[in-house]
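Reproduced below: protein-v5.cif, with mmCIF, C-alpha atoms.
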data_my_file
loop_
_atom_site.label_atom_id
_atom_site.label_comp_id
_atom_site.auth_asym_id
_atom_site.auth_seq_id
_atom_site.Cartn_x
_atom_site.Cartn_y
_atom_site.Cartn_z
CA MET C 1 8.43 -33.88 13.65
CA HIS C 2 4.98 -33.61 12.08
CA GLU C 3 3.92 -31.33 14.90
CA LEU C 4 6.96 -29.11 14.28
CA GLU C 5 6.25 -29.02 10.54
CA ARG C 6 2.68 -27.98 11.25
CA GLU C 7 3.90 -25.31 13.62
CA LEU C 8 6.34 -24.01 11.00
CA LYS C 9 3.64 -23.85 8.37
CA GLN C 10 1.48 -21.78 10.68
CA LEU C 11 4.46 -19.54 11.49
CA LEU C 12 5.09 -19.09 7.76
CA ILE C 13 1.46 -18.11 7.16
CA ASP C 14 1.44 -15.71 10.12
CA VAL C 15 4.71 -13.87 9.51
CA LEU C 16 4.32 -13.63 5.74
CA ASN C 17 0.67 -12.70 5.94
CA LEU C 18 -0.41 -15.50 3.58
CA GLU C 19 -4.08 -14.95 4.32
CA ASP C 20 -5.45 -17.20 1.60
CA VAL C 21 -3.16 -20.17 2.32
CA SER C 22 -3.98 -22.86 4.90
CA VAL C 23 -1.60 -25.22 6.72
CA GLU C 24 -3.04 -28.14 4.73
CA GLN C 25 -2.16 -26.47 1.43
CA ILE C 26 1.56 -26.28 2.17
CA ASP C 27 3.52 -29.36 1.12
CA SER C 28 6.35 -30.07 3.56
CA GLN C 29 8.61 -31.17 0.69
CA ALA C 30 7.78 -28.34 -1.72
CA PRO C 31 10.41 -25.64 -2.36
CA LEU C 32 9.64 -22.46 -0.42
CA PHE C 33 11.40 -20.03 -2.71
CA GLY C 34 11.26 -19.40 -6.42
CA GLU C 35 8.79 -22.09 -7.39
CA GLY C 36 6.35 -23.68 -4.94
CA LEU C 37 5.04 -20.94 -2.66
CA GLY C 38 7.01 -18.41 -4.69
CA LEU C 39 8.51 -16.55 -1.75
CA ASP C 40 11.16 -13.90 -2.37
CA SER C 41 14.36 -12.80 -0.65
CA ILE C 42 12.61 -10.41 1.76
CA ASP C 43 10.28 -13.25 2.75
CA ALA C 44 13.38 -15.36 3.42
CA LEU C 45 14.74 -12.69 5.76
CA GLU C 46 11.37 -12.36 7.48
CA LEU C 47 11.10 -16.11 7.99
CA GLY C 48 14.71 -16.23 9.22
CA VAL C 49 14.02 -13.56 11.85
CA ALA C 50 10.84 -15.37 12.98
CA VAL C 51 12.55 -18.79 13.21
CA ARG C 52 15.45 -17.32 15.15
CA LYS C 53 13.10 -15.60 17.59
CA ARG C 54 10.79 -18.57 18.11
CA TYR C 55 13.30 -21.42 18.25
CA ASP C 56 16.41 -19.59 19.40
CA VAL C 57 18.57 -21.20 16.69
CA LYS C 58 21.68 -19.68 15.13
CA ILE C 59 21.33 -18.96 11.43
CA ASP C 60 24.40 -18.08 9.39
CA ALA C 61 23.18 -15.84 6.57
CA ASP C 62 26.24 -16.51 4.37
CA SER C 63 26.40 -20.25 4.70
CA GLN C 64 25.41 -22.50 1.81
CA THR C 65 23.78 -24.93 4.23
CA THR C 66 21.37 -22.18 5.31
CA ARG C 67 19.99 -22.24 1.79
CA GLU C 68 19.29 -25.93 2.16
CA HIS C 69 17.78 -25.55 5.62
CA PHE C 70 15.31 -23.04 4.22
CA GLY C 71 14.66 -25.10 1.09
CA SER C 72 11.43 -26.64 2.38
CA ILE C 73 9.36 -26.98 5.54
CA ALA C 74 10.71 -30.53 6.03
CA ASN C 75 14.32 -29.30 5.82
CA LEU C 76 13.61 -26.46 8.20
CA ALA C 77 11.99 -28.80 10.73
CA ARG C 78 15.02 -31.16 10.52
CA PHE C 79 17.40 -28.22 10.99
CA ILE C 80 15.53 -26.90 14.03
CA SER C 81 15.18 -30.25 15.77
CA GLY C 82 18.89 -30.94 15.00
CA SER C 83 19.91 -27.61 16.52
CA ARG C 84 17.81 -28.30 19.61
CA ALA C 85 19.35 -31.74 20.05
CA ALA C 86 22.82 -30.18 19.84
CA LEU C 87 22.11 -27.82 22.74
CA MET D 1 1.12 -6.23 2.14
CA SER D 2 -0.28 -3.83 4.72
CA ALA D 3 -4.03 -3.25 4.91
CA LEU D 4 -3.37 0.23 3.48
CA SER D 5 -1.45 -1.03 0.45
CA LYS D 6 -4.03 -3.75 -0.14
CA MET D 7 -6.78 -1.12 -0.33
CA ALA D 8 -4.77 1.17 -2.58
CA VAL D 9 -3.63 -1.55 -4.96
CA GLN D 10 -7.09 -3.13 -5.06
CA VAL D 11 -8.90 0.06 -6.10
CA ALA D 12 -6.09 0.90 -8.54
CA LEU D 13 -6.34 -2.50 -10.26
CA GLN D 14 -10.15 -2.41 -10.35
CA THR D 15 -10.26 1.09 -11.78
CA ALA D 16 -7.53 0.55 -14.38
CA GLY D 17 -9.18 -2.67 -15.58
CA ASP D 18 -7.76 -3.43 -19.02
CA GLU D 19 -6.56 0.12 -19.54
CA ARG D 20 -2.85 0.88 -19.37
CA PRO D 21 -2.62 4.33 -17.75
CA ASP D 22 0.34 6.46 -18.91
CA PHE D 23 1.14 7.93 -15.50
CA LEU D 24 0.44 6.89 -11.92
CA ILE D 25 -0.15 9.30 -9.05
CA PHE D 26 -0.42 7.72 -5.62
CA CYS D 27 -1.32 10.20 -2.93
CA SER D 28 -1.54 9.52 0.77
CA ARG D 29 -1.20 11.96 3.63
CA HIS D 30 0.26 9.48 6.11
CA GLY D 31 1.27 6.53 3.95
CA GLU D 32 2.55 3.46 5.78
CA LEU D 33 2.48 5.11 9.20
CA VAL D 34 1.09 1.96 10.84
CA ARG D 35 4.22 0.07 9.71
CA THR D 36 6.50 2.89 10.84
CA ARG D 37 4.86 2.82 14.27
CA GLU D 38 5.42 -0.95 14.49
CA LEU D 39 9.09 -0.54 13.52
CA LEU D 40 9.58 2.17 16.12
CA GLY D 41 7.96 -0.12 18.69
CA SER D 42 10.50 -2.83 17.79
CA VAL D 43 13.40 -0.39 18.08
CA VAL D 44 12.24 0.82 21.49
CA GLY D 45 11.51 -2.74 22.66
CA GLY D 46 14.94 -3.91 21.49
CA SER D 47 13.56 -6.61 19.19
CA GLU D 48 14.61 -7.30 15.62
CA LEU D 49 12.95 -5.21 12.92
CA SER D 50 10.71 -6.98 10.45
CA PRO D 51 12.51 -7.01 7.05
CA THR D 52 9.18 -6.87 5.21
CA GLY D 53 7.97 -4.09 7.48
CA PHE D 54 11.14 -2.16 6.81
CA SER D 55 11.17 -2.64 3.04
CA GLN D 56 7.48 -1.75 2.76
CA SER D 57 7.49 1.28 5.05
CA VAL D 58 8.40 3.79 2.34
CA HIS D 59 5.91 6.25 0.89
CA ASN D 60 5.91 4.67 -2.57
CA THR D 61 5.16 1.16 -1.24
CA SER D 62 1.68 1.03 -2.78
CA ALA D 63 2.83 2.44 -6.11
CA GLY D 64 5.65 -0.10 -6.23
CA LEU D 65 3.37 -3.01 -5.38
CA TYR D 66 0.84 -1.86 -7.99
CA THR D 67 3.47 -1.74 -10.76
CA ILE D 68 4.67 -5.24 -9.84
CA ILE D 69 1.16 -6.73 -9.77
CA ALA D 70 -0.09 -4.87 -12.85
CA LYS D 71 3.24 -5.53 -14.64
CA SER D 72 3.34 -1.82 -15.40
CA ASP D 73 6.51 0.05 -16.32
CA VAL D 74 5.06 3.56 -16.59
CA PRO D 75 6.31 6.44 -14.45
CA SER D 76 4.73 6.95 -11.05
CA THR D 77 4.87 9.57 -8.36
CA SER D 78 3.91 9.25 -4.70
CA LEU D 79 2.70 12.40 -2.99
CA ALA D 80 2.11 13.56 0.55
CA ALA D 81 0.99 17.16 1.03
CA GLY D 82 -0.70 17.42 4.39
CA ALA D 83 -4.46 17.88 4.60
CA GLY D 84 -4.48 19.05 0.96
CA THR D 85 -2.90 15.84 -0.38
CA PHE D 86 -5.78 14.86 -2.66
CA ALA D 87 -6.03 18.36 -4.17
CA TYR D 88 -2.30 18.39 -4.94
CA GLY D 89 -2.61 14.92 -6.46
CA TRP D 90 -5.42 16.15 -8.69
CA LEU D 91 -3.34 19.22 -9.63
CA GLU D 92 -0.51 16.90 -10.64
CA ALA D 93 -2.96 14.88 -12.75
CA GLU D 94 -4.44 17.94 -14.49
CA SER D 95 -0.95 19.27 -15.18
CA PHE D 96 0.13 15.98 -16.74
CA LEU D 97 -3.00 15.79 -18.88
CA ALA D 98 -2.59 19.39 -20.04
CA LEU D 99 0.98 18.66 -21.13
CA ASN D 100 0.21 15.25 -22.61
CA PRO D 101 -3.04 15.41 -24.59
CA GLY D 102 -4.66 12.04 -25.21
CA LYS D 103 -2.88 10.32 -22.33
CA THR D 104 -4.46 8.90 -19.19
CA VAL D 105 -3.58 9.17 -15.51
CA LEU D 106 -4.43 6.81 -12.70
CA LEU D 107 -4.92 8.92 -9.57
CA VAL D 108 -5.07 6.95 -6.34
CA SER D 109 -5.86 8.50 -2.95
CA TYR D 110 -5.73 6.42 0.22
CA ASP D 111 -5.25 6.76 3.96
CA GLU D 112 -6.24 4.95 7.10
CA VAL D 113 -7.00 5.99 10.65
CA LEU D 114 -3.86 7.04 12.54
CA PRO D 115 -2.17 4.77 15.06
CA VAL D 116 -3.53 5.68 18.52
CA ASP D 117 -0.30 7.37 19.65
CA TYR D 118 -0.55 10.00 16.92
CA ARG D 119 -4.25 10.89 17.14
CA ALA D 120 -3.73 13.63 19.71
CA TYR D 121 -1.67 15.53 17.11
CA SER D 122 -4.33 15.51 14.42
CA GLN D 123 -7.36 17.75 14.22
CA GLN D 124 -8.84 15.78 11.35
CA ALA D 125 -11.65 13.27 11.62
CA GLN D 126 -10.20 9.75 11.39
CA ARG D 127 -11.28 7.99 8.21
CA THR D 128 -10.06 5.01 6.22
CA PHE D 129 -10.56 5.31 2.48
CA ALA D 130 -9.17 4.42 -0.91
CA LEU D 131 -10.20 5.98 -4.20
CA ALA D 132 -8.80 5.42 -7.69
CA LEU D 133 -9.74 7.56 -10.68
CA LEU D 134 -8.76 7.00 -14.29
CA LEU D 135 -8.55 10.50 -15.72
CA ARG D 136 -8.24 11.82 -19.24
CA GLY D 137 -8.50 15.32 -20.67
CA ALA D 138 -11.98 16.35 -21.82
CA ALA D 139 -12.44 18.28 -25.07
CA ALA D 140 -15.48 19.90 -23.44
CA GLY D 141 -17.17 19.62 -20.08
CA GLY D 142 -15.48 17.51 -17.45
CA ILE D 143 -14.27 18.43 -13.99
CA THR D 144 -11.54 20.91 -13.12
CA LEU D 145 -9.85 22.05 -9.93
CA GLN D 146 -9.11 25.65 -9.10
CA GLN D 147 -7.81 27.52 -6.11
CA SER D 148 -10.43 29.43 -4.17
CA ARG D 149 -10.82 31.60 -1.11
CA ALA D 150 -9.99 29.83 2.12
CA GLU D 151 -12.95 29.19 4.39
CA THR D 152 -13.22 27.34 7.68
CA GLU D 153 -10.79 24.44 7.83
CA ASP D 154 -12.44 21.12 6.88
CA LEU D 155 -12.40 18.45 9.57
CA LEU D 156 -13.19 15.64 7.16
CA PRO D 157 -10.37 14.59 4.78
CA ILE D 158 -10.93 15.82 1.21
CA THR D 159 -11.20 12.43 -0.50
CA PRO D 160 -14.41 11.20 1.23
CA GLN D 161 -15.94 14.63 0.52
CA PHE D 162 -14.92 14.35 -3.13
CA ILE D 163 -16.49 10.88 -3.41
CA ALA D 164 -19.81 12.16 -2.01
CA TRP D 165 -19.67 15.16 -4.36
CA ALA D 166 -18.77 13.09 -7.43
CA LEU D 167 -21.85 10.94 -6.76
CA SER D 168 -24.06 14.01 -6.35
CA THR D 169 -25.21 16.53 -8.94
CA ASP D 170 -23.86 19.56 -7.07
CA PRO D 171 -22.05 21.92 -9.47
CA ALA D 172 -19.04 22.51 -7.23
CA LEU D 173 -17.14 21.22 -4.19
CA ARG D 174 -15.31 23.71 -2.00
CA VAL D 175 -12.85 22.61 0.63
CA THR D 176 -10.21 24.29 2.76
CA ALA D 177 -7.08 22.47 3.80
CA GLU D 178 -4.33 24.11 5.84
CA GLY D 179 -5.37 27.61 4.87
CA GLN D 180 -5.69 26.82 1.15
CA GLY D 181 -9.10 26.89 -0.48
CA TRP D 182 -9.85 24.49 -3.38
CA GLU D 183 -12.84 24.21 -5.66
CA TRP D 184 -13.75 21.37 -7.97
CA VAL D 185 -16.14 22.52 -10.64
CA ARG D 186 -18.24 20.62 -13.15
CA LEU D 187 -17.78 22.46 -16.43
CA THR D 188 -20.98 22.75 -18.37
CA LEU D 189 -21.03 21.54 -21.94
CA PRO D 190 -21.97 23.97 -24.70
CA SER D 191 -25.70 23.58 -25.35
CA GLY D 192 -26.62 20.80 -27.74
CA GLU D 193 -23.86 18.47 -26.57
CA SER D 194 -24.29 15.86 -23.90
CA GLY D 195 -21.81 14.50 -21.42
#

Turn the structure described in the file into structure tokens.
Amino acid sequence: MHELERELKQLLIDVLNLEDVSVEQIDSQAPLFGEGLGLDSIDALELGVAVRKRYDVKIDADSQTTREHFGSIANLARFISGSRAAL
Amino acid sequence: MSALSKMAVQVALQTAGDERPDFLIFCSRHGELVRTRELLGSVVGGSELSPTGFSQSVHNTSAGLYTIIAKSDVPSTSLAAGAGTFAYGWLEAESFLALNPGKTVLLVSYDEVLPVDYRAYSQQAQRTFALALLLRGAAAGGITLQQSRAETEDLLPITPQFIAWALSTDPALRVTAEGQGWEWVRLTLPSGESG
């Protein structure tokens, strides 16, 4: 799980072009949007596209649970490993 | 933010400093062409388009990002006018200042080298540059732009030529872009006054 979280942090930095942020600086539990890293709705879309491409998971844009899955790196890692297990 | 927008916004913020310009003119011949090329590549390759790439591929991307970062709510315009882009941007600035005495304009000119696929279609020398000028009307002296006789087409974009001229003491800069001649002139102050 830690490896996946690390991977996700790097993905986040790469796709959102967060040049001055390092993997170590991102807290797995911290909120990704609004507060915390302060990402916006376009960033959310960008991250969604990247996660879907990399991990081949289905993301329902309208679902309330999607909001939770993208709430933090830890949530996202749990969602991805859960989706993989379900395959 | 694209490398292009980073350059444009950076010079704009540095030049504006604590000033609050009354009007923003962002001029770029090719704008976010690097992003557009990437998006087209995704379309052709059948992969999903980048939402950020899409939302920031418009010509007023840099102006929009500047107003967000500078928390500015003043009007802005984003121009593209071929090889003469910088001259038309300056014309826009002089017009605004003539109509609005006492106001200031932030004029930003920026471009980057073309994506490889497009270079065959351009005769111009490939340069990457960003320039921001905070302009206000001068009661006397100052710099003005006028149309002039067209000469041989310039291969170098106007902006790098303007920068070199502004740093020199030459009285005038003449350029020709797409058959239109332009001349920037340093107006001399009446004797006894200093600049």

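Those residues that approach Glu3 of chain C to within 12 Å, counting only C-alpha atoms, are Glu7, Leu8, Lys9, Gln10, Val23, Ser28, Ile73, Ala74, Ala77, Arg78 and Ser81 of chain C; same-chain residues fewer than 4 positions away are not listed.
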
On this structure, which residues satisfy the PyMOL selection byres ((chain D) within 10 of (chain C)), written as a JSON list (two decimals) with C-alpha atoms, in the frame of the given file?
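Contents of out_8.json, freshly written:
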[["chain", "number", "residue", "atom", "x", "y", "z"],
["D", 1, "MET", "CA", 1.12, -6.23, 2.14],
["D", 2, "SER", "CA", -0.28, -3.83, 4.72],
["D", 47, "SER", "CA", 13.56, -6.61, 19.19],
["D", 48, "GLU", "CA", 14.61, -7.30, 15.62],
["D", 49, "LEU", "CA", 12.95, -5.21, 12.92],
["D", 50, "SER", "CA", 10.71, -6.98, 10.45],
["D", 51, "PRO", "CA", 12.51, -7.01, 7.05],
["D", 52, "THR", "CA", 9.18, -6.87, 5.21],
["D", 53, "GLY", "CA", 7.97, -4.09, 7.48],
["D", 54, "PHE", "CA", 11.14, -2.16, 6.81],
["D", 55, "SER", "CA", 11.17, -2.64, 3.04]]

Applying 12 Å and only C-alpha atoms, which residues near Gly36 of chain C remain after dropping the ones on its own chain fewer than 2 positions away? List them as a PDB file with C-alpha atoms, in the frame of the given file.
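Listing of around-v1.pdb after writing:
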ATOM      1  CA  GLN C  25      -2.160 -26.470   1.430  1.00  0.00           C
ATOM      2  CA  ILE C  26       1.560 -26.280   2.170  1.00  0.00           C
ATOM      3  CA  ASP C  27       3.520 -29.360   1.120  1.00  0.00           C
ATOM      4  CA  SER C  28       6.350 -30.070   3.560  1.00  0.00           C
ATOM      5  CA  GLN C  29       8.610 -31.170   0.690  1.00  0.00           C
ATOM      6  CA  ALA C  30       7.780 -28.340  -1.720  1.00  0.00           C
ATOM      7  CA  PRO C  31      10.410 -25.640  -2.360  1.00  0.00           C
ATOM      8  CA  LEU C  32       9.640 -22.460  -0.420  1.00  0.00           C
ATOM      9  CA  PHE C  33      11.400 -20.030  -2.710  1.00  0.00           C
ATOM     10  CA  GLY C  34      11.260 -19.400  -6.420  1.00  0.00           C
ATOM     11  CA  GLY C  38       7.010 -18.410  -4.690  1.00  0.00           C
ATOM     12  CA  LEU C  39       8.510 -16.550  -1.750  1.00  0.00           C
ATOM     13  CA  ASP C  40      11.160 -13.900  -2.370  1.00  0.00           C
ATOM     14  CA  GLY C  71      14.660 -25.100   1.090  1.00  0.00           C
ATOM     15  CA  SER C  72      11.430 -26.640   2.380  1.00  0.00           C
ATOM     16  CA  ILE C  73       9.360 -26.980   5.540  1.00  0.00           C
TER      17      ILE C  73
END

Legend entry - Pick from C:Arg6, C:Leu37, C:Ile80, C:Thr66 nearest to Val21 of chain C, counting only C-alpha atoms: C:Leu37

Inset, instruction - Would you kindly return, as number ranges by chain, each protein, DNA or RNA residue with an atom no farther than 8 Å from any atom of Asp22 of chain D, considering only C-alpha atoms and excluding same-chain residues fewer than 6 positions away? - result: D: 74-75, 103-106

Legend entry - Nearby residues (only C-alpha atoms) at most 10 Å from segment 136-144 of chain D, same-chain spacing under 2 positions excluded, as a ChimeraX atom specification: /D:21,90-91,93-94,96-98,100-106,133-134,146,166,171-172,183-190,193-195

Legend entry - Residue IDs satisfying the PyMOL selection byres ((chain D and resi 160) around 10), as a list in words: Ser109, Tyr110, Arg127, Thr128, Phe129, Ala130, Leu131, Leu156, Pro157, Ile158, Thr159, Gln161, Phe162, Ile163, Ala164, Trp165 and Ala166 of chain D

Starting from the shown file, work through the PyMOL selection byres ((chain C and resi 58) around 12) and note down what comes out as a short mmCIF file (atom, residue, chain, number, x, y, z; two decimals) with C-alpha atoms, in the frame of the given file.
data_model
loop_
_atom_site.label_atom_id
_atom_site.label_comp_id
_atom_site.auth_asym_id
_atom_site.auth_seq_id
_atom_site.Cartn_x
_atom_site.Cartn_y
_atom_site.Cartn_z
CA GLY C 48 14.71 -16.23 9.22
CA VAL C 49 14.02 -13.56 11.85
CA ALA C 50 10.84 -15.37 12.98
CA VAL C 51 12.55 -18.79 13.21
CA ARG C 52 15.45 -17.32 15.15
CA LYS C 53 13.10 -15.60 17.59
CA ARG C 54 10.79 -18.57 18.11
CA TYR C 55 13.30 -21.42 18.25
CA ASP C 56 16.41 -19.59 19.40
CA VAL C 57 18.57 -21.20 16.69
CA ILE C 59 21.33 -18.96 11.43
CA ASP C 60 24.40 -18.08 9.39
CA ALA C 61 23.18 -15.84 6.57
CA SER C 63 26.40 -20.25 4.70
CA THR C 66 21.37 -22.18 5.31
CA HIS C 69 17.78 -25.55 5.62
CA PHE C 79 17.40 -28.22 10.99
CA ILE C 80 15.53 -26.90 14.03
CA GLY C 82 18.89 -30.94 15.00
CA SER C 83 19.91 -27.61 16.52
CA ARG C 84 17.81 -28.30 19.61
CA ALA C 86 22.82 -30.18 19.84
CA LEU C 87 22.11 -27.82 22.74
#

Legend entry - Nearest-residue call for Glu5 of chain C, choices C:Asp20, C:Asn75, C:Glu35, C:Arg67, using all atoms listed in the file: C:Asn75

Inset, instruction - Quick one: pull the distance between atom CA of Arg174 of chain D and atom CA of Glu92 of chain D, Å, one decimal. - result: 18.4 Å

Inset, instruction - Rounded to one decimal place, report the atom CA of Glu153 of chain D-atom CA of Asn60 of chain D distance in Å. - result: 27.9 Å

Could N, CA and C atoms be built for segment 50-70 of chain C and written out as a short mmCIF file (atom, residue, chain, number, x, y, z; two decimals), keeping the file's coordinate frame?
data_model
loop_
_atom_site.label_atom_id
_atom_site.label_comp_id
_atom_site.auth_asym_id
_atom_site.auth_seq_id
_atom_site.Cartn_x
_atom_site.Cartn_y
_atom_site.Cartn_z
N ALA C 50 11.90 -14.72 12.20
CA ALA C 50 10.84 -15.37 12.98
C ALA C 50 11.32 -16.70 13.57
N VAL C 51 12.05 -17.48 12.75
CA VAL C 51 12.55 -18.79 13.21
C VAL C 51 13.57 -18.59 14.33
N ARG C 52 14.43 -17.60 14.14
CA ARG C 52 15.45 -17.32 15.15
C ARG C 52 14.81 -16.90 16.48
N LYS C 53 13.80 -16.06 16.38
CA LYS C 53 13.10 -15.60 17.59
C LYS C 53 12.39 -16.75 18.29
N ARG C 54 11.63 -17.54 17.53
CA ARG C 54 10.79 -18.57 18.11
C ARG C 54 11.59 -19.75 18.65
N TYR C 55 12.61 -20.18 17.89
CA TYR C 55 13.30 -21.42 18.25
C TYR C 55 14.71 -21.20 18.80
N ASP C 56 15.12 -19.92 18.83
CA ASP C 56 16.41 -19.59 19.40
C ASP C 56 17.55 -20.38 18.75
N VAL C 57 17.49 -20.49 17.41
CA VAL C 57 18.57 -21.20 16.69
C VAL C 57 19.48 -20.18 16.03
N LYS C 58 20.73 -20.57 15.81
CA LYS C 58 21.68 -19.68 15.13
C LYS C 58 21.57 -19.93 13.63
N ILE C 59 21.41 -18.83 12.88
CA ILE C 59 21.33 -18.96 11.43
C ILE C 59 22.45 -18.13 10.81
N ASP C 60 23.31 -18.79 10.05
CA ASP C 60 24.40 -18.08 9.39
C ASP C 60 23.93 -17.66 7.99
N ALA C 61 23.76 -16.35 7.82
CA ALA C 61 23.18 -15.84 6.57
C ALA C 61 24.04 -16.15 5.34
N ASP C 62 25.36 -16.32 5.53
CA ASP C 62 26.24 -16.51 4.37
C ASP C 62 26.48 -17.97 4.02
N SER C 63 26.05 -18.85 4.92
CA SER C 63 26.40 -20.25 4.70
C SER C 63 25.52 -20.92 3.64
N GLN C 64 26.12 -21.78 2.86
CA GLN C 64 25.41 -22.50 1.81
C GLN C 64 24.38 -23.45 2.42
N THR C 65 24.72 -23.98 3.61
CA THR C 65 23.78 -24.93 4.23
C THR C 65 22.48 -24.23 4.65
N THR C 66 22.58 -22.93 4.94
CA THR C 66 21.37 -22.18 5.31
C THR C 66 20.35 -22.24 4.18
N ARG C 67 20.85 -22.13 2.96
CA ARG C 67 19.99 -22.24 1.79
C ARG C 67 19.21 -23.54 1.81
N GLU C 68 19.93 -24.62 2.13
CA GLU C 68 19.29 -25.93 2.16
C GLU C 68 18.28 -26.02 3.31
N HIS C 69 18.69 -25.51 4.48
CA HIS C 69 17.78 -25.55 5.62
C HIS C 69 16.46 -24.86 5.31
N PHE C 70 16.53 -23.79 4.54
CA PHE C 70 15.31 -23.04 4.22
C PHE C 70 14.71 -23.47 2.89
#
